[in-house]
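Visitor: Encoded as structure tokens, here's the structure I'll be asking about.
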Amino acid sequence: MTRHLRRTALLTAVSALAGLALAAAPTTTATAASPHTPARQASAGQAPSLRELPEPPDAVKARELLGELVVADEDDVPGYSRSKFPHWITQYGTCDTREVTLQRDGQDVVQDDQCRAVSGTWYSEYDGLTIDSASRIDIDHVVPLKEAWRSGASEWSTPERRAFANDLTHSQLIAVSAGSNRGKGDKDPGNWRPSLQSYWCTYSRAWISVKATYQLTANPAEAAALSEMLDTCDS
């Protein structure tokens, strides 16, 4: 794996992210409303067009991609800080990445004129909880920022890390319960899996897809756990 190849993949992701922001930009201006008055409601036809986690490759392709990942021990590379992965950035209007993901992953989501989700329900795929308050929802990076740092992102530029941290195009961001996200922390699948076993297939496919897209390494325990989780796709 060369830095040139990594940079090519990242530049592709940056371009895709910019394209999504342009496509999602509202074509009309909403009437001003009080910050406490709902101004927008998500629907299947409202930008962004993707709903729920962008579909990762199927199990057959994911296993192929897993076989192509560089498997290597990962050291805790010094210098990590969340601030080196700027998020959440503005996607369009007053909507940042968190609010776009809340809208995309929720049901009957109503936003105020600042794009803040004031009502709606969210199903947390990690633990099967249904939550009716955005304040109890976290936007999880499927591949955590610190995990990315120690598996290759420490070599990236800040714009490249920004693209990774706000990637709505690939299966990298998902709205889940705050409890499940904080229990996961920066752990890889060798140390943490969703408590809802029925989600292991999708989770492993998503994780592999992100690592392959950004040409990040995987440690041996992580790779073995991903293979085991892929086995659930056939059950």
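Going through the structure tokens in order, the chains are called A, B, and so on, while each chain numbers its residues from 1 and the ligands are numbered from 1 in the order shown.
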Would you give me, as a tab-separated table, each residue of stretch 76-147 of chain A having an atom within 8 Å of an atom of stretch 196-209 of chain A, along with its shortest atom pair and that distance in Å to one decimal, using only C-alpha atoms and sorting by chain and residue number?
Guide:
```
residue	atom	partner	partner_atom	distance
A:Glu125	CA	A:Tyr199	CA	6.6
A:Tyr126	CA	A:Leu196	CA	5.6
A:Asp127	CA	A:Leu196	CA	5.1
A:Gly128	CA	A:Leu196	CA	6.5
A:Val142	CA	A:Trp207	CA	6.2
A:Val143	CA	A:Trp207	CA	6.1
```
Visitor: When you look at A:Asp73 with a cut-off of 9 Å (counting only C-alpha atoms), what residues show up, excluding the ones that are within fewer than 6 positions of it in the same chain? I need them as an mmCIF file with N, CA, C and O atoms, in the first residue's frame.
Guide:
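This is the output file around18.cif:
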```cif
data_model
loop_
_atom_site.group_PDB
_atom_site.id
_atom_site.type_symbol
_atom_site.label_atom_id
_atom_site.label_comp_id
_atom_site.auth_asym_id
_atom_site.auth_seq_id
_atom_site.Cartn_x
_atom_site.Cartn_y
_atom_site.Cartn_z
ATOM 1 N N SER A 151 -4.510 3.074 12.494
ATOM 2 C CA SER A 151 -4.419 2.142 11.362
ATOM 3 C C SER A 151 -4.144 2.847 10.034
ATOM 4 O O SER A 151 -4.357 2.278 8.973
ATOM 5 N N THR A 217 -5.365 -0.297 7.737
ATOM 6 C CA THR A 217 -4.960 -1.650 8.101
ATOM 7 C C THR A 217 -5.943 -2.257 9.104
ATOM 8 O O THR A 217 -6.787 -1.559 9.685
ATOM 9 N N ALA A 218 -5.815 -3.558 9.322
ATOM 10 C CA ALA A 218 -6.582 -4.265 10.344
ATOM 11 C C ALA A 218 -5.614 -5.126 11.141
ATOM 12 O O ALA A 218 -4.676 -5.697 10.577
ATOM 13 N N ASN A 219 -5.824 -5.218 12.449
ATOM 14 C CA ASN A 219 -4.956 -6.100 13.229
ATOM 15 C C ASN A 219 -5.497 -7.532 13.163
ATOM 16 O O ASN A 219 -6.651 -7.748 12.765
ATOM 17 N N PRO A 220 -4.698 -8.535 13.526
ATOM 18 C CA PRO A 220 -5.129 -9.927 13.365
ATOM 19 C C PRO A 220 -6.431 -10.266 14.084
ATOM 20 O O PRO A 220 -7.296 -10.953 13.517
#
```
Visitor: Write out as a PDB file with all heavy atoms, in the first residue's frame each polymer residue whose atoms come within 9 Å of A:Ala134, counting only C-alpha atoms; drop sequence neighbours fewer than 4 positions from it.
Guide:
```
ATOM      1  N   LEU A 102     -29.101  12.495  11.616  1.00  0.00           N
ATOM      2  CA  LEU A 102     -30.308  12.327  12.426  1.00  0.00           C
ATOM      3  C   LEU A 102     -31.551  12.312  11.539  1.00  0.00           C
ATOM      4  O   LEU A 102     -32.460  11.497  11.736  1.00  0.00           O
ATOM      5  CB  LEU A 102     -30.425  13.463  13.451  1.00  0.00           C
ATOM      6  CG  LEU A 102     -29.506  13.398  14.669  1.00  0.00           C
ATOM      7  CD1 LEU A 102     -29.595  14.687  15.464  1.00  0.00           C
ATOM      8  CD2 LEU A 102     -29.859  12.193  15.555  1.00  0.00           C
ATOM      9  N   ARG A 116     -32.058  21.797  13.727  1.00  0.00           N
ATOM     10  CA  ARG A 116     -31.960  20.932  14.896  1.00  0.00           C
ATOM     11  C   ARG A 116     -33.178  20.025  14.970  1.00  0.00           C
ATOM     12  O   ARG A 116     -34.311  20.488  14.791  1.00  0.00           O
ATOM     13  CB  ARG A 116     -31.850  21.775  16.172  1.00  0.00           C
ATOM     14  CG  ARG A 116     -30.583  22.604  16.248  1.00  0.00           C
ATOM     15  CD  ARG A 116     -30.618  23.601  17.369  1.00  0.00           C
ATOM     16  NE  ARG A 116     -31.668  24.595  17.182  1.00  0.00           N
ATOM     17  CZ  ARG A 116     -31.635  25.830  17.692  1.00  0.00           C
ATOM     18  NH1 ARG A 116     -30.607  26.215  18.431  1.00  0.00           N
ATOM     19  NH2 ARG A 116     -32.640  26.664  17.483  1.00  0.00           N
ATOM     20  N   ALA A 117     -32.941  18.758  15.223  1.00  0.00           N
ATOM     21  CA  ALA A 117     -34.039  17.795  15.341  1.00  0.00           C
ATOM     22  C   ALA A 117     -34.779  18.033  16.657  1.00  0.00           C
ATOM     23  O   ALA A 117     -34.208  17.874  17.734  1.00  0.00           O
ATOM     24  CB  ALA A 117     -33.496  16.380  15.276  1.00  0.00           C
ATOM     25  N   VAL A 118     -36.046  18.434  16.557  1.00  0.00           N
ATOM     26  CA  VAL A 118     -36.829  18.730  17.767  1.00  0.00           C
ATOM     27  C   VAL A 118     -37.788  17.599  18.118  1.00  0.00           C
ATOM     28  O   VAL A 118     -38.315  17.554  19.236  1.00  0.00           O
ATOM     29  CB  VAL A 118     -37.598  20.057  17.617  1.00  0.00           C
ATOM     30  CG1 VAL A 118     -36.627  21.218  17.508  1.00  0.00           C
ATOM     31  CG2 VAL A 118     -38.523  20.022  16.395  1.00  0.00           C
ATOM     32  N   SER A 119     -38.028  16.698  17.178  1.00  0.00           N
ATOM     33  CA  SER A 119     -38.825  15.515  17.477  1.00  0.00           C
ATOM     34  C   SER A 119     -38.539  14.450  16.436  1.00  0.00           C
ATOM     35  O   SER A 119     -37.964  14.716  15.380  1.00  0.00           O
ATOM     36  CB  SER A 119     -40.324  15.844  17.509  1.00  0.00           C
ATOM     37  OG  SER A 119     -40.784  16.231  16.226  1.00  0.00           O
ATOM     38  N   GLY A 120     -38.966  13.241  16.748  1.00  0.00           N
ATOM     39  CA  GLY A 120     -38.748  12.108  15.858  1.00  0.00           C
ATOM     40  C   GLY A 120     -38.427  10.876  16.678  1.00  0.00           C
ATOM     41  O   GLY A 120     -38.340  10.929  17.921  1.00  0.00           O
ATOM     42  N   THR A 121     -38.265   9.755  16.010  1.00  0.00           N
ATOM     43  CA  THR A 121     -37.850   8.527  16.678  1.00  0.00           C
ATOM     44  C   THR A 121     -36.695   7.899  15.906  1.00  0.00           C
ATOM     45  O   THR A 121     -36.610   8.034  14.679  1.00  0.00           O
ATOM     46  CB  THR A 121     -38.996   7.503  16.784  1.00  0.00           C
ATOM     47  OG1 THR A 121     -39.478   7.190  15.467  1.00  0.00           O
ATOM     48  CG2 THR A 121     -40.135   8.033  17.634  1.00  0.00           C
ATOM     49  N   TRP A 122     -35.823   7.240  16.650  1.00  0.00           N
ATOM     50  CA  TRP A 122     -34.648   6.605  16.052  1.00  0.00           C
ATOM     51  C   TRP A 122     -34.528   5.181  16.590  1.00  0.00           C
ATOM     52  O   TRP A 122     -34.645   4.958  17.805  1.00  0.00           O
ATOM     53  CB  TRP A 122     -33.384   7.397  16.387  1.00  0.00           C
ATOM     54  CG  TRP A 122     -33.344   8.728  15.728  1.00  0.00           C
ATOM     55  CD1 TRP A 122     -32.747   9.049  14.536  1.00  0.00           C
ATOM     56  CD2 TRP A 122     -33.931   9.947  16.217  1.00  0.00           C
ATOM     57  NE1 TRP A 122     -32.935  10.375  14.256  1.00  0.00           N
ATOM     58  CE2 TRP A 122     -33.667  10.955  15.265  1.00  0.00           C
ATOM     59  CE3 TRP A 122     -34.671  10.271  17.364  1.00  0.00           C
ATOM     60  CZ2 TRP A 122     -34.099  12.260  15.425  1.00  0.00           C
ATOM     61  CZ3 TRP A 122     -35.113  11.566  17.525  1.00  0.00           C
ATOM     62  CH2 TRP A 122     -34.817  12.548  16.560  1.00  0.00           C
ATOM     63  N   ASP A 138     -26.375   9.368  19.611  1.00  0.00           N
ATOM     64  CA  ASP A 138     -25.037   9.727  19.154  1.00  0.00           C
ATOM     65  C   ASP A 138     -24.904   9.340  17.694  1.00  0.00           C
ATOM     66  O   ASP A 138     -25.530   8.376  17.233  1.00  0.00           O
ATOM     67  CB  ASP A 138     -23.958   8.982  19.943  1.00  0.00           C
ATOM     68  CG  ASP A 138     -23.675   9.597  21.303  1.00  0.00           C
ATOM     69  OD1 ASP A 138     -24.283  10.634  21.635  1.00  0.00           O
ATOM     70  OD2 ASP A 138     -22.845   9.018  22.031  1.00  0.00           O
TER      71      ASP A 138
END
```
Visitor: Set out as a tab-separated table a contact list for stretch 126-186 of chain A and stretch 56-70 of chain A with a cut-off of 10 Å, giving each residue of stretch 126-186 of chain A that qualifies its closest atom pair and distance in Å to one decimal, counting only C-alpha atoms, ordered by chain and rising residue number.
Guide:
```
residue	atom	partner	partner_atom	distance
A:Ser151	CA	A:Val70	CA	9.8
A:His170	CA	A:Pro56	CA	7.4
A:Ser171	CA	A:Pro56	CA	6.0
A:Gln172	CA	A:Pro56	CA	9.5
```
Visitor: Could you turn the residues from that selection into a file that holds C-alpha atoms, as a PDB file, in the first residue's frame?
Guide:
```
ATOM      1  CA  SER A 151      -4.419   2.142  11.362  1.00  0.00           C
ATOM      2  CA  HIS A 170     -19.978   5.421   2.590  1.00  0.00           C
ATOM      3  CA  SER A 171     -21.254   3.310   5.494  1.00  0.00           C
ATOM      4  CA  GLN A 172     -19.275   5.263   8.096  1.00  0.00           C
TER       5      GLN A 172
END
```
Visitor: For a quick check of understanding, using only C-alpha atoms, which of A:Val110, A:Ala165, A:Met229, A:Cys95 has the smallest distance to A:Glu147?
Guide: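 Of all the options, A:Ala165 lies closest to A:Glu147.
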Visitor: Determine which residues of stretch 24-187 of chain A DSSP labels as helix (DSSP H, G or I) from the backbone of this structure, then write them out as a count of residues only.
Guide: 50
Visitor: Please, what distance in Å, to one decimal, runs between atom CA of A:Asp96 and atom CA of A:Cys115?
Guide: 8.1 Å
Visitor: Run DSSP on the backbone and grab whatever in stretch 76-190 of chain A lands in strand (DSSP E); send it over as a PDB file with N, CA and C atoms, in the first residue's frame.
Guide:
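Ended up saving to states08.pdb:
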```
ATOM      1  N   THR A  90     -20.572  21.778   8.207  1.00  0.00           N
ATOM      2  CA  THR A  90     -21.812  22.155   7.541  1.00  0.00           C
ATOM      3  C   THR A  90     -21.946  21.397   6.224  1.00  0.00           C
ATOM      4  N   GLN A  91     -23.101  20.788   6.016  1.00  0.00           N
ATOM      5  CA  GLN A  91     -23.360  20.065   4.776  1.00  0.00           C
ATOM      6  C   GLN A  91     -24.141  20.928   3.783  1.00  0.00           C
ATOM      7  N   TYR A  92     -25.135  21.645   4.281  1.00  0.00           N
ATOM      8  CA  TYR A  92     -25.887  22.602   3.458  1.00  0.00           C
ATOM      9  C   TYR A  92     -26.695  23.489   4.390  1.00  0.00           C
ATOM     10  N   CYS A  95     -27.452  23.028   8.206  1.00  0.00           N
ATOM     11  CA  CYS A  95     -27.425  21.613   8.585  1.00  0.00           C
ATOM     12  C   CYS A  95     -26.003  21.067   8.597  1.00  0.00           C
ATOM     13  N   ASP A  96     -25.575  20.576   9.758  1.00  0.00           N
ATOM     14  CA  ASP A  96     -24.260  19.946   9.819  1.00  0.00           C
ATOM     15  C   ASP A  96     -24.411  18.432   9.676  1.00  0.00           C
ATOM     16  N   GLN A 107     -37.219   8.501  11.950  1.00  0.00           N
ATOM     17  CA  GLN A 107     -38.570   8.459  11.413  1.00  0.00           C
ATOM     18  C   GLN A 107     -39.340   9.678  11.906  1.00  0.00           C
ATOM     19  N   ASP A 108     -40.087  10.305  10.987  1.00  0.00           N
ATOM     20  CA  ASP A 108     -40.914  11.469  11.332  1.00  0.00           C
ATOM     21  C   ASP A 108     -40.088  12.547  12.035  1.00  0.00           C
ATOM     22  N   VAL A 109     -38.902  12.793  11.517  1.00  0.00           N
ATOM     23  CA  VAL A 109     -38.007  13.778  12.128  1.00  0.00           C
ATOM     24  C   VAL A 109     -38.455  15.188  11.754  1.00  0.00           C
ATOM     25  N   VAL A 110     -38.644  16.018  12.745  1.00  0.00           N
ATOM     26  CA  VAL A 110     -38.993  17.423  12.544  1.00  0.00           C
ATOM     27  C   VAL A 110     -37.826  18.268  13.022  1.00  0.00           C
ATOM     28  N   GLN A 111     -37.436  19.228  12.178  1.00  0.00           N
ATOM     29  CA  GLN A 111     -36.313  20.102  12.507  1.00  0.00           C
ATOM     30  C   GLN A 111     -36.781  21.549  12.622  1.00  0.00           C
ATOM     31  N   ALA A 117     -32.941  18.758  15.223  1.00  0.00           N
ATOM     32  CA  ALA A 117     -34.039  17.795  15.341  1.00  0.00           C
ATOM     33  C   ALA A 117     -34.779  18.033  16.657  1.00  0.00           C
ATOM     34  N   VAL A 118     -36.046  18.434  16.557  1.00  0.00           N
ATOM     35  CA  VAL A 118     -36.829  18.730  17.767  1.00  0.00           C
ATOM     36  C   VAL A 118     -37.788  17.599  18.118  1.00  0.00           C
ATOM     37  N   SER A 119     -38.028  16.698  17.178  1.00  0.00           N
ATOM     38  CA  SER A 119     -38.825  15.515  17.477  1.00  0.00           C
ATOM     39  C   SER A 119     -38.539  14.450  16.436  1.00  0.00           C
ATOM     40  N   GLY A 120     -38.966  13.241  16.748  1.00  0.00           N
ATOM     41  CA  GLY A 120     -38.748  12.108  15.858  1.00  0.00           C
ATOM     42  C   GLY A 120     -38.427  10.876  16.678  1.00  0.00           C
ATOM     43  N   THR A 121     -38.265   9.755  16.010  1.00  0.00           N
ATOM     44  CA  THR A 121     -37.850   8.527  16.678  1.00  0.00           C
ATOM     45  C   THR A 121     -36.695   7.899  15.906  1.00  0.00           C
ATOM     46  N   TRP A 122     -35.823   7.240  16.650  1.00  0.00           N
ATOM     47  CA  TRP A 122     -34.648   6.605  16.052  1.00  0.00           C
ATOM     48  C   TRP A 122     -34.528   5.181  16.590  1.00  0.00           C
ATOM     49  N   TYR A 123     -34.293   4.239  15.701  1.00  0.00           N
ATOM     50  CA  TYR A 123     -34.053   2.854  16.100  1.00  0.00           C
ATOM     51  C   TYR A 123     -32.551   2.627  16.107  1.00  0.00           C
ATOM     52  N   THR A 130     -35.471   1.826  20.732  1.00  0.00           N
ATOM     53  CA  THR A 130     -36.146   2.897  20.007  1.00  0.00           C
ATOM     54  C   THR A 130     -36.151   4.121  20.903  1.00  0.00           C
ATOM     55  N   ILE A 131     -35.667   5.230  20.388  1.00  0.00           N
ATOM     56  CA  ILE A 131     -35.424   6.430  21.183  1.00  0.00           C
ATOM     57  C   ILE A 131     -36.180   7.601  20.569  1.00  0.00           C
ATOM     58  N   ILE A 137     -29.268  10.392  21.306  1.00  0.00           N
ATOM     59  CA  ILE A 137     -28.706   9.742  20.121  1.00  0.00           C
ATOM     60  C   ILE A 137     -27.299  10.262  19.869  1.00  0.00           C
ATOM     61  N   ASP A 138     -26.375   9.368  19.611  1.00  0.00           N
ATOM     62  CA  ASP A 138     -25.037   9.727  19.154  1.00  0.00           C
ATOM     63  C   ASP A 138     -24.904   9.340  17.694  1.00  0.00           C
ATOM     64  N   ILE A 139     -24.081  10.080  16.958  1.00  0.00           N
ATOM     65  CA  ILE A 139     -23.723   9.681  15.600  1.00  0.00           C
ATOM     66  C   ILE A 139     -22.395   8.952  15.707  1.00  0.00           C
ATOM     67  N   ASP A 140     -22.443   7.652  15.447  1.00  0.00           N
ATOM     68  CA  ASP A 140     -21.254   6.822  15.590  1.00  0.00           C
ATOM     69  C   ASP A 140     -20.455   6.786  14.303  1.00  0.00           C
ATOM     70  N   HIS A 141     -19.147   6.904  14.446  1.00  0.00           N
ATOM     71  CA  HIS A 141     -18.238   6.578  13.350  1.00  0.00           C
ATOM     72  C   HIS A 141     -18.044   5.067  13.394  1.00  0.00           C
ATOM     73  N   LEU A 173     -21.190   6.497   9.020  1.00  0.00           N
ATOM     74  CA  LEU A 173     -21.909   7.226  10.050  1.00  0.00           C
ATOM     75  C   LEU A 173     -23.291   6.621  10.265  1.00  0.00           C
ATOM     76  N   ILE A 174     -23.665   6.443  11.528  1.00  0.00           N
ATOM     77  CA  ILE A 174     -24.974   5.872  11.841  1.00  0.00           C
ATOM     78  C   ILE A 174     -25.457   6.423  13.180  1.00  0.00           C
ATOM     79  N   ALA A 175     -26.758   6.729  13.258  1.00  0.00           N
ATOM     80  CA  ALA A 175     -27.358   7.213  14.499  1.00  0.00           C
ATOM     81  C   ALA A 175     -27.698   6.023  15.398  1.00  0.00           C
ATOM     82  N   VAL A 176     -27.137   6.007  16.602  1.00  0.00           N
ATOM     83  CA  VAL A 176     -27.358   4.908  17.551  1.00  0.00           C
ATOM     84  C   VAL A 176     -27.553   5.486  18.946  1.00  0.00           C
ATOM     85  N   SER A 177     -27.957   4.635  19.878  1.00  0.00           N
ATOM     86  CA  SER A 177     -28.119   5.095  21.259  1.00  0.00           C
ATOM     87  C   SER A 177     -26.784   5.577  21.810  1.00  0.00           C
TER      88      SER A 177
END
```
Visitor: Measure the distance from atom CA of A:Lys184 to atom CA of A:Asp75 in Å and round it to one decimal.
Guide: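 Taking atom CA of A:Lys184 and atom CA of A:Asp75, their separation equals 18.9 Å.
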